[in-house]
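Right, one structure below, let's go through it.
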Amino acid sequence: MLEDTIKNIFPVEKSLLAKAQSHLDNLTKPRGSLGRLEEIAVRLYAISQGNKPVVDPGLIFTCAADHGVAAGGVSLFPQEVTRQMVVNFLSGGAAINVLAHTAGLNLKVVDVGVKGDDFPDHELLISRKVMPGTKDLSLGPAMEDDDCRKAVEIGIELVDEAGSRGIRTLCTGEMGIGNTTSSTALYCAFFGLEPGDLAGAGTGLGAEGIKCKAEVIARGLEINKSAISNGDPGKILAALGGLEIACLTGIILGGARKRMNIIIDGYISTAAFVCAWKMNPHVLDYCFFSHLSAEKGHLMVMKKIMARPVLDMDLRLGEGTGAAMAYFILKCAGDIFNKMATFDQAGVSR
């Protein structure tokens, strides 16, 4: 499934970009006056293969899993918070519940690797646990290659199911204590960056905590050196990633294969994007980066992939909160393209 998905991701037709801009230039406004809204509309048109951009309906997958590296003191919160927050998601009390409702988005919470027993059945829950969390990446590989692949393919399957229900836009979200550590390790491995330059506060660490976090990441990079030097994105993801990051990687790959609009949330979701992008660089054509995270290293990563986020709101929560906010911006861009009058239709002088 994974190889078939990767080989069936194709770039958007570049000639459609100019065609879309020509249409926007013929609408009742000065050329370029809607700024980045026009840039987004152009990309939506190309993703839709020359049809009217469609953004609704949208769906957020908030994927949850635990990380063995949390035992190294890399988070201000104990590992139990992952499970507690999933319960909060299911009861409707988290930020992502509020913002998904405000934006008019569907929400699904995916247990792909939370420690403990399975959660009781719930309409918001998709229970696809591969294993109860990863191992400590600072002591060896976080996952076996097969378990990592399984989590990626779960993400692909989730997109197939969503596509069959008519979903047009996918939003990525996550929950997992320790996952900024895992994400930072992935960035260091893929881009040759130093942990000390990237490691940030995560859940709210002070200077000493961030220093400890960088040291844990450095140990993980050293002990997994053979997997990193192999250069295979799947092996790097297995060595340093998390089950929720792997699942999101599959969601991004599956969404690109189905030519859907994909909104990447923040620091951790961008790590999943980088994994997918390393597997097939054409995924970039389908992805919108919702916001610039307040997490220290996100700007550096955005520059590496030459991406410009839609929003800059000093967010660093995750869950898909930034993606939910950016979803409204994409809806605005789509409606501008589809519903504004041309000069001729409105009888407005050029």
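Letters for chains follow the order of the structure tokens (A, B, ...), residue numbers begin at 1 for each chain, and ligand numbers begin at 1 in the order shown.
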Range 252-290 of chain A near range 4-28 of chain A within 7 Å: what's each residue's closest atom pair and its distance in Å to one decimal, counting only C-alpha atoms, ordered by chain then ascending residue number, as a tab-separated table?
residue	atom	partner	partner_atom	distance
A:Leu253	CA	A:Ile6	CA	6.8
A:Gly254	CA	A:Thr5	CA	6.6
A:Ala256	CA	A:Ile9	CA	6.1
A:Arg257	CA	A:Ile9	CA	4.5
A:Met279	CA	A:Ile6	CA	6.8
A:Asn280	CA	A:Ile6	CA	6.2
A:His282	CA	A:Pro11	CA	5.2
A:Asp285	CA	A:Pro11	CA	6.3
Out of range 83-320 of chain A, which residues get strand (DSSP E) from DSSP, as a PyMOL selection string?
chain A and resi 106-113+125-127+169-175+261-264+287-289
How close does each residue of range 21-138 of chain A get to range 291-313 of chain A, giving the shortest atom pair and distance in Å to one decimal for every residue with an atom at most 10 Å away, counting only C-alpha atoms, sorted by chain and residue number, as JSON lines?
{"residue": "A:Arg36", "atom": "CA", "partner": "A:Val310", "partner_atom": "CA", "distance": 8.3}
{"residue": "A:Leu37", "atom": "CA", "partner": "A:Val310", "partner_atom": "CA", "distance": 9.3}
{"residue": "A:Ile40", "atom": "CA", "partner": "A:Val310", "partner_atom": "CA", "distance": 9.0}
Determine, for each residue of range 63-120 of chain A having at least one atom at most 8 Å from an atom of range 213-217 of chain A, the closest pair of atoms and their separation in Å to one decimal, counting only C-alpha atoms; order by chain and ascending number, as JSON lines.
{"residue": "A:Gly72", "atom": "CA", "partner": "A:Val216", "partner_atom": "CA", "distance": 7.1}
{"residue": "A:Gly73", "atom": "CA", "partner": "A:Lys213", "partner_atom": "CA", "distance": 7.5}
{"residue": "A:Val74", "atom": "CA", "partner": "A:Lys213", "partner_atom": "CA", "distance": 5.0}
Calculated over only C-alpha atoms, which of the candidates A:Asn338, A:Ser91, A:Ser226, A:Gln84 has the smallest distance to His122 in chain A?
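Nearest to His122 in chain A: A:Ser91.
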In terms of the shortest atom-to-atom distance over only C-alpha atoms, which of A:Gly196, A:Gly173, A:Gly322, A:Gly116 is closest to Phe273 in chain A?
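Comparing A:Gly196, A:Gly173, A:Gly322, A:Gly116 against Phe273 in chain A, the winner is A:Gly173.
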At what distance in Å, to one decimal, does CA of Ile96 in chain A lie from CA of Arg316 in chain A?
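CA of Ile96 in chain A lies at a distance of 12.6 Å from CA of Arg316 in chain A.
Across the model, the gap from CA of Lys115 in chain A to CA of Gln79 in chain A is 8.8 Å.
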Nearest-residue call for Val54 in chain A, choices A:Gly234, A:Arg168, A:Met85, A:Ala346, using only C-alpha atoms:
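Once distances to Val54 in chain A are computed over only C-alpha atoms, the minimum belongs to A:Arg168.
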In Å, with one decimal, what is the gap from CA of Trp277 in chain A to CA of Gly104 in chain A?
28.4 Å
In range 34-269 of chain A, DSSP helix (DSSP H, G or I) residues written as number ranges by chain
A: 36-47, 68-72, 80-91, 95-103, 145-164, 179-191, 195-198, 207-223, 225-230, 233-240, 243-257, 267-269
Contacts of range 259-272 of chain A at 7 Å or less, counting only C-alpha atoms, minus same-chain residues fewer than 2 places along, as a CSV table (one decimal) with N, CA and C atoms, in the first residue's frame?
chain,number,residue,atom,x,y,z
A,47,ILE,N,-5.1,22.3,-7.6
A,47,ILE,CA,-5.3,21.0,-6.9
A,47,ILE,C,-6.6,20.4,-7.4
A,168,ARG,N,-13.2,16.9,1.3
A,168,ARG,CA,-12.3,17.5,0.3
A,168,ARG,C,-11.0,18.1,0.9
A,169,THR,N,-11.1,18.4,2.2
A,169,THR,CA,-9.9,19.0,2.8
A,169,THR,C,-9.5,18.2,4.1
A,170,LEU,N,-8.3,17.9,4.2
A,170,LEU,CA,-7.8,17.2,5.4
A,170,LEU,C,-7.0,18.2,6.2
A,171,CYS,N,-7.2,18.1,7.5
A,171,CYS,CA,-6.4,18.9,8.5
A,171,CYS,C,-5.6,17.9,9.4
A,172,THR,N,-4.4,18.2,9.7
A,172,THR,CA,-3.6,17.3,10.5
A,172,THR,C,-3.5,17.9,11.9
A,173,GLY,N,-3.6,17.0,12.9
A,173,GLY,CA,-3.5,17.4,14.3
A,173,GLY,C,-2.9,16.2,15.1
A,179,ASN,N,6.3,14.6,21.9
A,179,ASN,CA,6.4,14.6,20.5
A,179,ASN,C,7.2,15.7,19.9
A,180,THR,N,7.4,16.8,20.6
A,180,THR,CA,8.3,17.9,20.1
A,180,THR,C,9.7,17.4,20.1
A,183,SER,N,9.9,15.1,17.0
A,183,SER,CA,9.9,16.0,15.8
A,183,SER,C,11.3,16.7,15.6
A,186,LEU,N,13.8,14.3,14.2
A,186,LEU,CA,13.5,14.1,12.8
A,186,LEU,C,14.1,15.2,11.9
A,187,TYR,N,13.8,16.4,12.3
A,187,TYR,CA,14.3,17.6,11.6
A,187,TYR,C,15.9,17.6,11.6
A,245,ILE,N,3.0,10.6,14.5
A,245,ILE,CA,3.7,11.3,13.3
A,245,ILE,C,3.7,10.4,12.1
A,246,ALA,N,3.9,9.1,12.3
A,246,ALA,CA,3.8,8.1,11.2
A,246,ALA,C,2.4,8.1,10.6
A,248,LEU,N,0.2,10.5,10.6
A,248,LEU,CA,0.0,11.7,9.9
A,248,LEU,C,0.8,11.7,8.6
A,249,THR,N,1.9,11.1,8.6
A,249,THR,CA,2.7,10.9,7.3
A,249,THR,C,1.9,10.2,6.3
A,252,ILE,N,-1.0,12.5,5.0
A,252,ILE,CA,-0.5,13.5,4.0
A,252,ILE,C,-0.2,12.8,2.6
A,255,GLY,N,-3.6,11.8,1.1
A,255,GLY,CA,-4.3,13.0,0.7
A,255,GLY,C,-3.8,13.5,-0.6
A,256,ALA,N,-2.4,13.5,-0.8
A,256,ALA,CA,-1.8,14.0,-2.0
A,256,ALA,C,-2.1,13.1,-3.2
A,257,ARG,N,-2.1,11.8,-2.9
A,257,ARG,CA,-2.5,10.8,-4.0
A,257,ARG,C,-3.9,11.1,-4.5
A,274,VAL,N,7.4,16.6,6.5
A,274,VAL,CA,8.8,16.4,6.0
A,274,VAL,C,9.1,14.9,5.7
A,275,CYS,N,8.6,14.0,6.5
A,275,CYS,CA,8.7,12.6,6.2
A,275,CYS,C,8.0,12.2,4.9
A,276,ALA,N,6.8,12.7,4.7
A,276,ALA,CA,6.1,12.4,3.5
A,276,ALA,C,6.8,13.1,2.3
A,286,TYR,N,0.1,20.0,-2.6
A,286,TYR,CA,-1.2,19.8,-2.1
A,286,TYR,C,-1.3,20.3,-0.6
A,287,CYS,N,-0.2,20.8,-0.1
A,287,CYS,CA,-0.2,21.2,1.3
A,287,CYS,C,-0.1,22.7,1.6
A,288,PHE,N,-0.9,23.1,2.6
A,288,PHE,CA,-0.9,24.5,3.0
A,288,PHE,C,-0.4,24.4,4.5
A,289,PHE,N,0.5,25.3,4.9
A,289,PHE,CA,1.0,25.3,6.2
A,289,PHE,C,0.2,26.3,7.0
A,290,SER,N,-0.5,25.9,8.0
A,290,SER,CA,-1.5,26.7,8.7
A,290,SER,C,-0.9,27.9,9.4
A,291,HIS,N,0.2,27.7,10.1
A,291,HIS,CA,0.7,28.8,11.0
A,291,HIS,C,2.2,28.6,11.3
A,292,LEU,N,2.8,29.7,11.6
A,292,LEU,CA,4.2,29.6,12.1
A,292,LEU,C,4.1,29.4,13.6
A,293,SER,N,4.6,28.2,14.0
A,293,SER,CA,4.6,27.9,15.4
A,293,SER,C,5.5,28.7,16.2
A,295,GLU,N,7.1,27.5,18.5
A,295,GLU,CA,8.2,26.6,18.9
A,295,GLU,C,9.4,27.0,18.1
A,298,HIS,N,10.6,26.1,14.3
A,298,HIS,CA,9.7,26.0,13.2
A,298,HIS,C,10.1,26.9,12.0
A,318,GLY,N,-0.7,22.7,19.1
A,318,GLY,CA,-0.9,21.4,18.4
A,318,GLY,C,-2.4,21.1,18.3
A,320,GLY,N,-4.2,20.4,16.1
A,320,GLY,CA,-4.9,20.8,14.9
A,320,GLY,C,-5.5,22.1,15.0
A,322,GLY,N,-4.2,25.3,14.8
A,322,GLY,CA,-3.8,26.2,13.7
A,322,GLY,C,-4.5,25.8,12.4
A,323,ALA,N,-4.6,24.5,12.1
A,323,ALA,CA,-5.2,24.0,10.9
A,323,ALA,C,-6.6,24.4,10.8
Considering only C-alpha atoms, state which residue in the set A:Leu193, A:Ala199, A:Ile236, A:Ala64 is at the smallest distance from Pro132 in chain A.
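The closest residue to Pro132 in chain A is A:Ala64.
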For Glu244 in chain A: contacts at 8 Å, only C-alpha atoms, fewer than 3 positions along chain excluded, given as a PyMOL selection string:
chain A and resi 63-65+112-113+151+174-176+247-248
Point out the residue among A:Gly93, A:Pro53, A:Gly200, A:Gly220 with the least atom-to-atom distance to Cys332 in chain A, counting only C-alpha atoms.
A:Pro53
Spatial neighbours of Ser138 in chain A, 10 Å, only C-alpha atoms, chain gap at least 3 places, as a list in words:
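Final neighbour list, sorted by chain and number: Gly68, Val69, Gly72, Lys135, Pro141, Ala142, Ser182, Ala185, Glu215, Val216, Ile217, Ala218, Arg219, Gly220, Leu221, Glu222, Ile223, Asn224, Ala239 and Leu240 of chain A.
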Using only C-alpha atoms, which residue out of A:Leu243, A:Ile228, A:Leu99, A:Ala46 lies closest to Val130 in chain A?
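The closest residue to Val130 in chain A is A:Leu243.
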With only C-alpha atoms as the counted atoms, please give the residues lying no more than 7 Å from Val109 in chain A, apart from itself and same-chain residues fewer than 3 positions off, as a PDB file with N, CA and C atoms, in the first residue's frame.
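Heads up, here's the output in around-v3.pdb:
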ATOM      1  N   PHE A  61      -7.971  15.136  11.486  1.00  0.00           N
ATOM      2  CA  PHE A  61      -7.538  13.927  12.180  1.00  0.00           C
ATOM      3  C   PHE A  61      -6.572  14.354  13.280  1.00  0.00           C
ATOM      4  N   THR A  62      -6.991  14.229  14.529  1.00  0.00           N
ATOM      5  CA  THR A  62      -6.091  14.467  15.653  1.00  0.00           C
ATOM      6  C   THR A  62      -5.593  13.103  16.117  1.00  0.00           C
ATOM      7  N   CYS A  63      -4.350  12.802  15.764  1.00  0.00           N
ATOM      8  CA  CYS A  63      -3.776  11.482  16.021  1.00  0.00           C
ATOM      9  C   CYS A  63      -2.989  11.503  17.331  1.00  0.00           C
ATOM     10  N   LEU A 124     -16.482  10.138  18.119  1.00  0.00           N
ATOM     11  CA  LEU A 124     -15.330  10.891  17.633  1.00  0.00           C
ATOM     12  C   LEU A 124     -14.075  10.031  17.507  1.00  0.00           C
ATOM     13  N   LEU A 125     -14.103   8.829  18.075  1.00  0.00           N
ATOM     14  CA  LEU A 125     -12.890   8.021  18.202  1.00  0.00           C
ATOM     15  C   LEU A 125     -12.723   7.029  17.057  1.00  0.00           C
ATOM     16  N   ILE A 126     -11.491   6.962  16.547  1.00  0.00           N
ATOM     17  CA  ILE A 126     -11.081   5.882  15.655  1.00  0.00           C
ATOM     18  C   ILE A 126      -9.973   5.133  16.377  1.00  0.00           C
TER      19      ILE A 126
END
